[in-house]
Structures are given as C-alpha cells and as structure tokens.
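> Here's a structure for you.
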Amino acid sequence: MEEVTIERLAEEKKNSGNDEYKSQRYEAALRLYSEAIHLSPETAAYYGNRSACYMMLGDYRSALNDVKTAISIDEKYEKGYIRMAKCSLMLGDVIGTEQAIRKFLTLDPSNTALRDEIASLKQLRDLNERAASCYDKKDYRTCLYHCDNAIKIAPGSIQNKLLKAECLAMLERFEEACNIAITIMQSHSTNADAIYVRGLTLYYCDNLEKGLLHFERALMLDPDHKKAKAMRQKAKQLKEKKEMGNELFKTGKYRDALNTYSEALELDPQNKDINSKLYYNRALVNSKLGNLREAINDCTSALSLNDKYMKALLQRAKLHYNMENFEEAVKDYEKALKQDRTQDVKNLLRDAKFQLKKSKRKDYYKILGVTKQATEDEIKKAYRKRALVHHPDRHANSTDEEKKEQERKFKELGEAYTVLSDPMKKSRYDSGQDLEEMNHSADIDPQQIYRQFFFPTDYGFGGFQGGGGGNSSNFSFHFG
C-alpha cells in the first residue's frame, strides 16, 4: 500500500513538472522532476523528462548524464537515445552522437526523428576538419570563422570554444579570449586547455610570470600537453633573456646587453607587448653606445608594435633633438602631448620648437667659417679673408648668375660680421633671443661694413669721401 502511494506521489510530481515545463518554467519543472526521481529512482522516464529540462536550460552535460541513467534502466528507451544524440551533438561529441544515432536506428530503423541531427552531425564534422586545417596553417581568422559556425551547431562544445579562444588570442583579441577561458575554468577548473589559453592571454599581455605559471599548471594536469610545453619553454627563455639584458645594462656592460636584447627579440616575434619593451631597452643601450640612428630605429620599432608607448616616443624625440633633427623632435613631442598633457612635455615641445626656429636661421658661424668658440680676433680675420674672396668687384667679369651669387655671399658676410663682432648681438644670437628681430639683412650695407673694415681712416671726420651708398658699381677696389 505504501509503495503504491509513493509511486502515485512520484507520478503526481512528474505531472506537475510537465505542467511547469509546458509553461516554460524550467527551474520549477526541474525541481519537481528531481522530487519524482527521489521517490522513484528506477523510473527511466523521470530521468528522460529531467534531461529535457536540463537541455532547455542549456546544461547539456547534466542532460546527457540523466539520459544515460535512463538508458541504463531501460535499454529500449527510444526517447533516451534521441536525447542522447541531441545532447552529444550540442556538446560537440561527434563519436557520442554517431553511437546514439546508430543505437536508435537499430531499435527503430524507419524512424526519422533524428534526421536533422544526422545532417547537423555531418556539417559539424566538416567544420571541425576545416578548422583544424586552418589552425595548422596558422590561418587563425578563417579558423575562427569555422569555430563560430561549429558553435552554432554545438553551443556546449568546450573544445570548439577553446579553439576559438586560442584563435582570438593569436589575433590579439585578448579580452575576448580571456573571457571564454575564464568562463570555462569556472565550471571546469581542471581543464588543461582552458588554463593553457588563459596563460596565452597573460603571456601576450606582458605578464610573463603569470603566463608561465598557467603553462606549468596545465602541464601538471596534462604532462603531455604539447602546446603548454612549447609555450612554457618560450616564456622561460624570454623572461631569462629580458632579465639578463636588464642586469647587463645596469652594470654598464652595454655590448653584452645589446646582444642579449637582440637574441630575446628573435624568440617570439608575435609577442608585441614584450618585444616593444625589448626594442625600447635596446634603444637605451644603443644610445649609451653612441649608435643614435640605431637607437631611433629601435624606438620606431617599439612604437610600430605599441603606438601608445610613451617612453619610446619621448626617447625618440630626445634622440632626434640630440642629433639636431628638430623637425622630427617637434613631431614626436606633439604626438606625446596628445597622450600626456603634462607641463614637462609642454616644456620639451616648446624647447624643440625654439631650437627648430633657431636652426632655420642663417648660420653666421658657418658663413664666416668659424666655431662658436671663436675669439673676436678670429672673427675679424675670418671676415677679412672671406670678404676679399666674395667682393663683387672681384667678379666683375663673371656671368650675371655668378655675380648675383657672390653678391649674396658678400651680403651674408656683412650680416654675420655685424652680429658676431658685437658682444651683445652675438650673445642674443647664441641664446636665440629675439629671433624675429635677428634678421638684419634689410638694415645692413655690406659695402659700408667692408669700407669700415678695410679703410677705417676714411671714416674719421665727415665719413668716407668715395663712392656713394652700397652699390658696388659706385665703389671700386682692385685685387692683385
């Protein structure tokens, strides 16, 4: 009597579960089916119903477990094989799906209930093969496309999701890859592939230490994990080389540091974050060794991998500045200011612009052929020597073009001498003060300077008594 009551109660629970299932209240239905199973654990149909409920909730693994229990109770439970095929397909288990379909058709060869699953299984197998082929060719973008299509058929496939995550990592979509790996790790904490993919995202985001730990943990769970082995080796080598290079740099062994950083850069060209830092570090070494052009190239390489790398941008600007490439220095400081509007960067940009402006002036030292340290006497001697060479009267028989060129040079000599022979003007010129006011060409008569220099006695009382003005035709001087 008691047994009949329990069976009736179990059946009532199942019927109530069916009502909830039809109303799409799957959580409530699940609870009622579980109560029915508790009352009557040897009834296959109860497990089958709960399996259907799990499927609607997206828990295909639990659904498969229930249906396996149902079939173990009743080997001829046809609905059980149908659900087994569906669950296996949803989980991406090709072999499991094939076996369930085969068993179902053995029981009822003419039944077409699994016609769609048979077609989907063929499609899934094809997509898996294509994805594997693309992965082997390192065509991660196409592999990702096939993975996405496979996941539409098998939304519960951990294998396809992790392959997708790995492709995303190789395509530098690290956040998406990380999210997939972490989600799987939360429900499958010992899944070596998920831990490996999480390690990849850390490794490629400049977290060598944590990446290495994840590769090692994956190998603890699966000692034959080939990918984890390869990445652990690569991560260890990169970490060691980078640390060795840093130590050599700190101790002043710049040649050895240069070689070590160069070796590190060859280990994994795909690790952009680490390599950008290695290029920057090598730029610092090249700067110390006086290889400024190589240092600039290294900074450029670092920025090509990470265009937001402020240290590399400022270092390149500094190198351009030191090489007097002021236009390039200004460009870099302007880029830096867009990222970092601090007073320090503003000051660096202001100074570079100032130096650029200075560099575009006429170089009076170069015109006179003297150094910036030249004495007053050396400046006079230089002017005397060059003025005699470029005086227009010396080129009276030259072509019009040559006369014009010599007159230009003669005039520039006068400008240069006027500024550099006057201590105050020279000081202002050297410091770059009043750049806008330093253009004296309009106010300078080169002939007058020449006459003052070579014929000072004619400028005693009442001035020079010869030809007038600055036109060379009014002044004649014969060279021997």
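As shown in the structure tokens, the chain order sets the letters A, B, ...; within each chain, residues go from 1, and ligands are also counted from 1 in the order they appear.
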DSSP says alpha helix (DSSP H) for which residues of segment 164-263 of chain A? Put them as a ChimeraX atom specification?
/A:164-170,174-187,192-204,208-221,226-250,254-263
> Using only C-alpha atoms, which of A:Tyr196, A:Tyr204, A:Tyr46, A:Tyr145 sits nearest Ile182 of chain A?
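Among the listed residues, the smallest separation from Ile182 of chain A belongs to A:Tyr196.
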> To one decimal place in Å, what is the distance between atom CA of Lys311 of chain A and atom CA of Lys210 of chain A?
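Between atom CA of Lys311 of chain A and atom CA of Lys210 of chain A the gap is 24.2 Å.
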> Do you know which residues are at most 7 Å from segment 404-412 of chain A counting only C-alpha atoms, after dropping those on the same chain fewer than 5 positions away, and could you put them as number ranges by chain?
A: 387, 390-392, 446
> Taking 5 positions as the minimum chain separation for residues in the same chain, which residues sit within 10 Å of Glu376 of chain A when counting only C-alpha atoms? Answer as a short mmCIF file (atom, residue, chain, number, x, y, z; two decimals) with N, CA and C atoms, in the first residue's frame.

```cif
data_model
loop_
_atom_site.label_atom_id
_atom_site.label_comp_id
_atom_site.auth_asym_id
_atom_site.auth_seq_id
_atom_site.Cartn_x
_atom_site.Cartn_y
_atom_site.Cartn_z
N LYS A 381 89.54 88.16 -38.58
CA LYS A 381 90.39 87.55 -39.60
C LYS A 381 89.55 86.77 -40.61
N ALA A 382 88.56 86.06 -40.10
CA ALA A 382 87.71 85.26 -40.98
C ALA A 382 86.93 86.17 -41.93
N LEU A 420 78.23 88.92 -35.05
CA LEU A 420 79.22 88.21 -34.23
C LEU A 420 80.33 89.11 -33.70
N SER A 421 80.51 90.29 -34.30
CA SER A 421 81.55 91.19 -33.81
C SER A 421 81.04 92.08 -32.68
N ASP A 422 79.72 92.05 -32.47
CA ASP A 422 79.11 92.84 -31.40
C ASP A 422 78.76 91.88 -30.25
N PRO A 423 79.44 92.00 -29.11
CA PRO A 423 79.24 91.06 -27.99
C PRO A 423 77.77 90.90 -27.58
#
```
> Can you work out the spacing between atom CA of Leu200 of chain A and atom CA of Leu278 of chain A in Å, to one decimal?
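Result for atom CA of Leu200 of chain A versus atom CA of Leu278 of chain A: 19.1 Å, one decimal.
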> Please determine, counting only C-alpha atoms, which residue among A:Asp206, A:Leu213, A:Ile153, A:Lys338 has the shortest atom-to-atom distance to Asn275 of chain A.
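Distance minimum relative to Asn275 of chain A lands on A:Asp206.
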> Near segment 57-68 of chain A, counting only C-alpha atoms, which residues have an atom at most 8 Å away, once you skip same-chain residues fewer than 4 positions from it, shown as a VMD selection string?
chain A and resid 26 47 to 48 50 to 53 72 80 to 81 83 to 84 87 to 88 90 to 91 156
> Can I get the selection written as a CSV table (one decimal), in the first residue's frame, with all heavy atoms?

```csv
chain,number,residue,atom,x,y,z
A,26,TYR,N,11.2,26.3,-16.4
A,26,TYR,CA,12.1,25.1,-16.4
A,26,TYR,C,12.7,24.8,-15.0
A,26,TYR,O,12.9,23.7,-14.7
A,26,TYR,CB,13.2,25.2,-17.5
A,26,TYR,CG,12.6,25.4,-18.9
A,26,TYR,CD1,12.8,26.6,-19.6
A,26,TYR,CD2,11.8,24.4,-19.4
A,26,TYR,CE1,12.2,26.7,-20.8
A,26,TYR,CE2,11.2,24.6,-20.7
A,26,TYR,CZ,11.4,25.7,-21.4
A,26,TYR,OH,10.8,25.9,-22.6
A,47,TYR,N,13.9,10.4,-15.5
A,47,TYR,CA,15.3,10.9,-15.9
A,47,TYR,C,15.2,11.5,-17.3
A,47,TYR,O,15.9,12.5,-17.6
A,47,TYR,CB,16.3,9.8,-15.9
A,47,TYR,CG,16.6,9.3,-14.5
A,47,TYR,CD1,16.0,8.1,-14.0
A,47,TYR,CD2,17.6,9.9,-13.7
A,47,TYR,CE1,16.3,7.6,-12.7
A,47,TYR,CE2,17.9,9.5,-12.4
A,47,TYR,CZ,17.3,8.3,-12.0
A,47,TYR,OH,17.6,7.9,-10.7
A,48,GLY,N,14.4,10.9,-18.2
A,48,GLY,CA,14.3,11.4,-19.5
A,48,GLY,C,13.6,12.8,-19.5
A,48,GLY,O,14.1,13.7,-20.2
A,50,ARG,N,13.7,15.0,-17.0
A,50,ARG,CA,14.6,15.9,-16.4
A,50,ARG,C,15.7,16.3,-17.3
A,50,ARG,O,16.2,17.4,-17.4
A,50,ARG,CB,15.2,15.4,-15.0
A,50,ARG,CG,15.9,16.5,-14.3
A,50,ARG,CD,16.3,16.0,-12.9
A,50,ARG,NE,17.4,15.0,-12.9
A,50,ARG,CZ,18.0,14.5,-11.8
A,50,ARG,NH1,17.6,15.0,-10.6
A,50,ARG,NH2,18.9,13.6,-11.9
A,51,SER,N,16.1,15.3,-18.1
A,51,SER,CA,17.1,15.5,-19.2
A,51,SER,C,16.6,16.6,-20.2
A,51,SER,O,17.4,17.5,-20.5
A,51,SER,CB,17.4,14.2,-19.9
A,51,SER,OG,18.2,14.4,-21.1
A,52,ALA,N,15.3,16.5,-20.6
A,52,ALA,CA,14.8,17.5,-21.5
A,52,ALA,C,14.8,18.9,-20.8
A,52,ALA,O,15.1,19.9,-21.5
A,52,ALA,CB,13.4,17.1,-21.9
A,53,CYS,N,14.5,18.9,-19.6
A,53,CYS,CA,14.5,20.2,-18.8
A,53,CYS,C,15.9,20.8,-18.8
A,53,CYS,O,16.1,22.0,-19.0
A,53,CYS,CB,14.0,19.9,-17.4
A,53,CYS,SG,13.3,21.4,-16.6
A,72,SER,N,20.3,3.2,-19.0
A,72,SER,CA,20.9,2.0,-18.2
A,72,SER,C,19.7,1.3,-17.5
A,72,SER,O,19.8,0.1,-17.2
A,72,SER,CB,21.9,2.6,-17.1
A,72,SER,OG,21.2,3.3,-16.1
A,80,GLY,N,15.2,8.2,-24.9
A,80,GLY,CA,16.5,8.3,-24.3
A,80,GLY,C,17.7,8.4,-25.4
A,80,GLY,O,18.5,9.3,-25.3
A,81,TYR,N,17.6,7.6,-26.4
A,81,TYR,CA,18.6,7.7,-27.5
A,81,TYR,C,18.5,9.0,-28.3
A,81,TYR,O,19.5,9.5,-28.8
A,81,TYR,CB,18.5,6.4,-28.3
A,81,TYR,CG,19.0,5.2,-27.6
A,81,TYR,CD1,18.0,4.2,-27.2
A,81,TYR,CD2,20.3,5.0,-27.3
A,81,TYR,CE1,18.4,3.1,-26.5
A,81,TYR,CE2,20.7,3.8,-26.6
A,81,TYR,CZ,19.8,2.9,-26.2
A,81,TYR,OH,20.2,1.8,-25.5
A,83,ARG,N,17.4,11.8,-27.1
A,83,ARG,CA,18.0,12.9,-26.3
A,83,ARG,C,19.5,12.8,-26.2
A,83,ARG,O,20.3,13.7,-26.1
A,83,ARG,CB,17.4,12.9,-24.9
A,83,ARG,CG,15.9,13.4,-25.0
A,83,ARG,CD,15.3,13.8,-23.7
A,83,ARG,NE,13.9,14.2,-23.9
A,83,ARG,CZ,12.9,13.6,-23.4
A,83,ARG,NH1,13.1,12.5,-22.7
A,83,ARG,NH2,11.7,14.0,-23.6
A,84,MET,N,20.0,11.5,-26.1
A,84,MET,CA,21.4,11.3,-26.1
A,84,MET,C,22.1,11.9,-27.3
A,84,MET,O,23.2,12.5,-27.3
A,84,MET,CB,21.8,9.8,-26.0
A,84,MET,CG,23.3,9.5,-25.8
A,84,MET,SD,23.6,7.8,-25.8
A,84,MET,CE,23.3,7.5,-24.0
A,87,CYS,N,22.0,15.7,-27.1
A,87,CYS,CA,22.9,16.3,-26.1
A,87,CYS,C,24.3,16.1,-26.6
A,87,CYS,O,25.1,17.1,-26.4
A,87,CYS,CB,22.7,15.5,-24.8
A,87,CYS,SG,21.2,15.9,-23.9
A,88,SER,N,24.7,15.0,-27.1
A,88,SER,CA,26.0,14.7,-27.6
A,88,SER,C,26.4,15.7,-28.7
A,88,SER,O,27.5,16.2,-28.8
A,88,SER,CB,26.2,13.3,-28.1
A,88,SER,OG,26.0,12.4,-27.0
A,90,MET,N,25.0,18.7,-29.2
A,90,MET,CA,25.2,20.0,-28.5
A,90,MET,C,26.5,20.2,-27.9
A,90,MET,O,27.1,21.3,-27.8
A,90,MET,CB,24.1,20.3,-27.5
A,90,MET,CG,22.7,20.4,-28.1
A,90,MET,SD,22.5,21.9,-29.1
A,90,MET,CE,20.8,21.9,-29.5
A,91,LEU,N,27.1,19.1,-27.3
A,91,LEU,CA,28.4,19.2,-26.7
A,91,LEU,C,29.5,19.0,-27.6
A,91,LEU,O,30.7,19.1,-27.2
A,91,LEU,CB,28.4,18.1,-25.6
A,91,LEU,CG,27.5,18.3,-24.4
A,91,LEU,CD1,27.4,17.0,-23.6
A,91,LEU,CD2,28.0,19.4,-23.5
A,156,GLY,N,27.4,23.9,-26.7
A,156,GLY,CA,28.0,23.4,-25.5
A,156,GLY,C,29.4,22.8,-25.7
A,156,GLY,O,30.0,22.2,-24.7
```
> Excluding Lys13 of chain A and residues on its chain fewer than 3 positions from it, collect all residues at most 9 Å away from it, counting only C-alpha atoms, and give them as a PyMOL selection string.
chain A and resi 8-10+16-18+32-36
> Expressed in Å to a single decimal, how great is the separation between atom CA of Phe104 of chain A and atom CA of Tyr21 of chain A?
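Separation of atom CA of Phe104 of chain A and atom CA of Tyr21 of chain A: 25.0 Å.
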> From the set A:Asn160, A:Asn281, A:Thr342, A:Asn325, which residue has the shortest atom-to-atom contact distance to Ala312 of chain A, counting only C-alpha atoms?
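Residue with the minimum atom-to-atom distance to Ala312 of chain A: A:Asn281.
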> With distances taken over only C-alpha atoms, which residue among A:Leu356, A:Ala264, A:Met170, A:Ala416 lies nearest Asn246 of chain A?
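Selected residue with least distance to Asn246 of chain A: A:Ala264.
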